[in-house]
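**Q** Dropping in data33.pdb, which is PDB, C-alpha atoms, pLDDT in the B column:
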```pdb
MODEL        1
ATOM      1  CA  MET A   7       0.000   0.000   0.000  1.00 55.00           C
ATOM      2  CA  LYS A   8       2.874   2.377   0.779  1.00 57.00           C
ATOM      3  CA  HIS A   9       4.246   1.951  -2.725  1.00 59.00           C
ATOM      4  CA  LEU A  10       0.919   3.313  -4.113  1.00 56.00           C
ATOM      5  CA  LEU A  11       0.888   6.436  -1.933  1.00 56.00           C
ATOM      6  CA  LYS A  12       4.034   7.967  -3.431  1.00 64.00           C
ATOM      7  CA  PRO A  13       2.771   7.936  -7.079  1.00 58.00           C
ATOM      8  CA  LEU A  14      -0.618   9.168  -5.859  1.00 55.00           C
ATOM      9  CA  ARG A  15       1.033  12.121  -4.078  1.00 62.00           C
ATOM     10  CA  ILE A  16       3.077  12.964  -7.177  1.00 61.00           C
ATOM     11  CA  ALA A  17      -0.022  12.854  -9.379  1.00 57.00           C
ATOM     12  CA  SER A  18      -1.938  15.053  -6.926  1.00 60.00           C
ATOM     13  CA  LEU A  19       0.878  17.599  -6.792  1.00 54.00           C
ATOM     14  CA  ALA A  20       1.145  17.636 -10.576  1.00 56.00           C
ATOM     15  CA  ALA A  21      -2.613  18.187 -10.924  1.00 55.00           C
ATOM     16  CA  PHE A  22      -2.472  21.008  -8.371  1.00 54.00           C
ATOM     17  CA  ALA A  23       0.484  22.621 -10.149  1.00 53.00           C
ATOM     18  CA  LEU A  24      -1.364  22.575 -13.466  1.00 51.00           C
ATOM     19  CA  THR A  25      -4.500  24.151 -12.029  1.00 57.00           C
ATOM     20  CA  ALA A  26      -2.574  26.752 -10.015  1.00 56.00           C
ATOM     21  CA  ALA A  27      -0.372  27.849 -12.935  1.00 51.00           C
ATOM     22  CA  PRO A  28      -0.934  31.426 -14.127  1.00 57.00           C
ATOM     23  CA  PRO A  29      -2.977  31.778 -17.294  1.00 57.00           C
ATOM     24  CA  ALA A  30      -1.124  32.005 -20.572  1.00 54.00           C
ATOM     25  CA  VAL A  31      -0.241  35.495 -21.679  1.00 54.00           C
ATOM     26  CA  HIS A  32      -2.266  36.615 -24.668  1.00 54.00           C
ATOM     27  CA  ALA A  33      -0.910  39.127 -27.142  1.00 54.00           C
ATOM     28  CA  GLN A  34      -2.678  42.463 -27.008  1.00 55.00           C
ATOM     29  CA  THR A  35      -3.674  44.096 -30.243  1.00 51.00           C
ATOM     30  CA  LYS A  36      -4.268  47.762 -30.702  1.00 57.00           C
ATOM     31  CA  ALA A  37      -7.520  48.609 -32.441  1.00 62.00           C
ATOM     32  CA  THR A  38      -7.077  50.730 -35.513  1.00 70.00           C
ATOM     33  CA  VAL A  39      -9.464  53.634 -35.928  1.00 78.00           C
ATOM     34  CA  THR A  40     -10.388  54.016 -39.571  1.00 89.00           C
ATOM     35  CA  ALA A  41     -11.374  57.447 -40.778  1.00 92.00           C
ATOM     36  CA  PRO A  42     -14.518  57.665 -42.905  1.00 95.00           C
ATOM     37  CA  SER A  43     -13.993  57.966 -46.656  1.00 94.00           C
ATOM     38  CA  TRP A  44     -15.045  61.619 -46.556  1.00 95.00           C
ATOM     39  CA  GLY A  45     -12.597  62.628 -43.821  1.00 96.00           C
ATOM     40  CA  PRO A  46      -8.854  63.182 -43.560  1.00 95.00           C
ATOM     41  CA  ALA A  47      -6.595  60.681 -41.836  1.00 93.00           C
ATOM     42  CA  LEU A  48      -6.906  60.851 -38.089  1.00 93.00           C
ATOM     43  CA  PRO A  49      -3.589  61.277 -36.251  1.00 93.00           C
ATOM     44  CA  ALA A  50      -2.899  58.959 -33.326  1.00 91.00           C
ATOM     45  CA  GLY A  51      -4.689  60.080 -30.187  1.00 91.00           C
ATOM     46  CA  LYS A  52      -7.285  62.180 -32.029  1.00 94.00           C
ATOM     47  CA  ARG A  53     -10.972  61.338 -32.012  1.00 96.00           C
ATOM     48  CA  TYR A  54     -13.145  64.101 -33.467  1.00 98.00           C
ATOM     49  CA  TYR A  55     -13.719  66.147 -36.583  1.00 98.00           C
ATOM     50  CA  TYR A  56     -15.419  69.511 -36.496  1.00 98.00           C
ATOM     51  CA  ILE A  57     -17.761  69.688 -39.502  1.00 97.00           C
ATOM     52  CA  PRO A  58     -18.830  73.262 -40.308  1.00 97.00           C
ATOM     53  CA  GLU A  59     -21.487  72.063 -42.780  1.00 96.00           C
ATOM     54  CA  VAL A  60     -23.500  70.365 -40.019  1.00 96.00           C
ATOM     55  CA  ASP A  61     -22.466  72.809 -37.295  1.00 94.00           C
ATOM     56  CA  GLY A  62     -21.281  69.889 -35.211  1.00 97.00           C
ATOM     57  CA  PHE A  63     -18.785  67.110 -34.771  1.00 98.00           C
ATOM     58  CA  TYR A  64     -18.062  63.542 -35.798  1.00 98.00           C
ATOM     59  CA  ASP A  65     -16.744  60.991 -33.295  1.00 97.00           C
ATOM     60  CA  VAL A  66     -14.611  58.729 -35.500  1.00 97.00           C
ATOM     61  CA  PRO A  67     -14.180  55.678 -33.204  1.00 96.00           C
ATOM     62  CA  ALA A  68     -17.889  55.689 -32.283  1.00 96.00           C
ATOM     63  CA  ARG A  69     -18.952  56.523 -35.873  1.00 97.00           C
ATOM     64  CA  GLU A  70     -21.437  59.075 -34.567  1.00 97.00           C
ATOM     65  CA  TYR A  71     -22.252  62.676 -35.298  1.00 98.00           C
ATOM     66  CA  VAL A  72     -22.540  65.031 -32.341  1.00 98.00           C
ATOM     67  CA  VAL A  73     -24.971  67.844 -33.140  1.00 97.00           C
ATOM     68  CA  LYS A  74     -27.160  70.280 -31.264  1.00 96.00           C
ATOM     69  CA  ARG A  75     -30.911  69.635 -31.451  1.00 96.00           C
ATOM     70  CA  SER A  76     -33.522  71.461 -29.377  1.00 96.00           C
ATOM     71  CA  GLY A  77     -30.812  73.056 -27.261  1.00 96.00           C
ATOM     72  CA  ARG A  78     -29.072  69.756 -26.396  1.00 97.00           C
ATOM     73  CA  TRP A  79     -26.041  68.015 -27.864  1.00 98.00           C
ATOM     74  CA  ILE A  80     -27.034  64.583 -29.139  1.00 97.00           C
ATOM     75  CA  ARG A  81     -25.299  61.694 -30.865  1.00 98.00           C
ATOM     76  CA  ALA A  82     -26.626  60.240 -34.111  1.00 97.00           C
ATOM     77  CA  THR A  83     -25.333  57.583 -36.501  1.00 97.00           C
ATOM     78  CA  SER A  84     -26.649  59.528 -39.493  1.00 96.00           C
ATOM     79  CA  LEU A  85     -27.961  62.992 -40.286  1.00 96.00           C
ATOM     80  CA  GLN A  86     -30.991  63.405 -42.473  1.00 93.00           C
ATOM     81  CA  GLY A  87     -30.190  65.534 -45.503  1.00 91.00           C
ATOM     82  CA  ALA A  88     -26.442  65.644 -44.833  1.00 92.00           C
ATOM     83  CA  ASN A  89     -24.270  65.168 -47.909  1.00 94.00           C
ATOM     84  CA  THR A  90     -20.809  63.929 -46.942  1.00 95.00           C
ATOM     85  CA  THR A  91     -19.397  64.944 -50.342  1.00 95.00           C
ATOM     86  CA  THR A  92     -19.779  68.583 -49.313  1.00 95.00           C
ATOM     87  CA  PHE A  93     -18.090  68.149 -45.912  1.00 96.00           C
ATOM     88  CA  HIS A  94     -14.872  69.965 -45.048  1.00 96.00           C
ATOM     89  CA  PRO A  95     -14.016  68.206 -41.766  1.00 97.00           C
ATOM     90  CA  VAL A  96     -11.289  69.543 -39.523  1.00 97.00           C
ATOM     91  CA  VAL A  97      -9.413  67.249 -37.140  1.00 97.00           C
ATOM     92  CA  MET A  98      -9.919  68.567 -33.629  1.00 96.00           C
ATOM     93  CA  ASP A  99      -7.086  68.986 -31.172  1.00 93.00           C
ATOM     94  CA  TYR A 100      -9.239  67.648 -28.336  1.00 94.00           C
ATOM     95  CA  LEU A 101      -8.986  64.476 -26.256  1.00 89.00           C
ATOM     96  CA  GLY A 102     -12.068  64.587 -24.007  1.00 92.00           C
ATOM     97  CA  SER A 103     -15.610  63.285 -24.411  1.00 93.00           C
ATOM     98  CA  GLU A 104     -17.407  66.629 -24.843  1.00 96.00           C
ATOM     99  CA  PRO A 105     -16.221  68.218 -28.089  1.00 97.00           C
ATOM    100  CA  TRP A 106     -18.996  70.812 -27.849  1.00 96.00           C
ATOM    101  CA  SER A 107     -16.987  72.478 -25.091  1.00 96.00           C
ATOM    102  CA  LEU A 108     -14.847  73.911 -27.931  1.00 96.00           C
ATOM    103  CA  TYR A 109     -17.761  74.620 -30.257  1.00 96.00           C
ATOM    104  CA  THR A 110     -17.531  78.434 -30.083  1.00 95.00           C
ATOM    105  CA  ALA A 111     -13.811  78.440 -30.883  1.00 95.00           C
ATOM    106  CA  TYR A 112     -14.145  76.039 -33.816  1.00 95.00           C
ATOM    107  CA  GLN A 113     -17.230  77.795 -35.143  1.00 94.00           C
ATOM    108  CA  ALA A 114     -15.470  81.170 -35.061  1.00 95.00           C
ATOM    109  CA  LYS A 115     -12.409  79.766 -36.808  1.00 94.00           C
ATOM    110  CA  TYR A 116     -14.033  77.592 -39.516  1.00 93.00           C
ATOM    111  CA  ASP A 117     -17.527  78.944 -40.249  1.00 81.00           C
TER     112      ASP A 117
ENDMDL
END
```
In structure tokens, what does this structure look like?

**A**
Amino acid sequence: MKHLLKPLRIASLAAFALTAAPPAVHAQTKATVTAPSWGPALPAGKRYYYIPEVDGFYDVPAREYVVKRSGRWIRATSLQGANTTTFHPVVMDYLGSEPWSLYTAYQAKYD
């Protein structure tokens, strides 16, 4: 019986070691943000365009417009009547989540 205990202990330790081992390291990939066909290339770390033609913004990673409607800034995936071929988007130098905070400055400069 003693001769069976040693292999049993070794097998138990091996099973424990396998279950307690740290998980395998997975390679991390960086998501690429693709600019829309109507917009200029987006430099690393940039997120928004100011679009004078719609008096608002475009959030490139989210693929949403940010425009003012009824006194509130809203997000929309499309804009009725907007023609992207007439857009003159400007890459914003802004990293936050509220591009409208710079609306007055961009409007004064590009409208």

**Q** Show which residues sit within 9 Å of range 86-90 of chain A, as a count of residues only. Count only C-alpha atoms, and ignore same-chain residues fewer than 2 positions away.

**A** 8

**Q** Could you state the separation of CA of Asp117 in chain A and CA of Gly62 in chain A in Å, given to one decimal place?

**A** 11.0 Å

**Q** Spell out the residues picked by the PyMOL selection byres ((chain A and resi 70) around 12) here, as a ChimeraX atom specification.

**A** /A:41-42,53-55,62-69,71-73,80-85

**Q** For CA of Gln113 in chain A and CA of Asp99 in chain A, quote the distance in Å rounded to one decimal.

**A**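 One can read the CA of Gln113 in chain A to CA of Asp99 in chain A distance as 14.0 Å.
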
**Q** May I ask which of the residues A:Tyr116, A:Tyr109, A:Trp79, A:Tyr56 is the closest one to Val96 in chain A, counting only C-alpha atoms?

**A**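 Residue with the minimum atom-to-atom distance to Val96 in chain A: A:Tyr56.
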
**Q** Using CA of Lys52 in chain A and CA of Tyr100 in chain A as the two end points, give the distance in Å to one decimal.

**A**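 Distance reported for this atom pair: 6.9 Å.
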
**Q** Counting only C-alpha atoms, which residue out of A:Gly102, A:Ala114, A:Thr38, A:Arg75 sits closest to Ala50 in chain A?

**A**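 Of A:Gly102, A:Ala114, A:Thr38, A:Arg75, the one nearest Ala50 in chain A, counting only C-alpha atoms, is A:Thr38.
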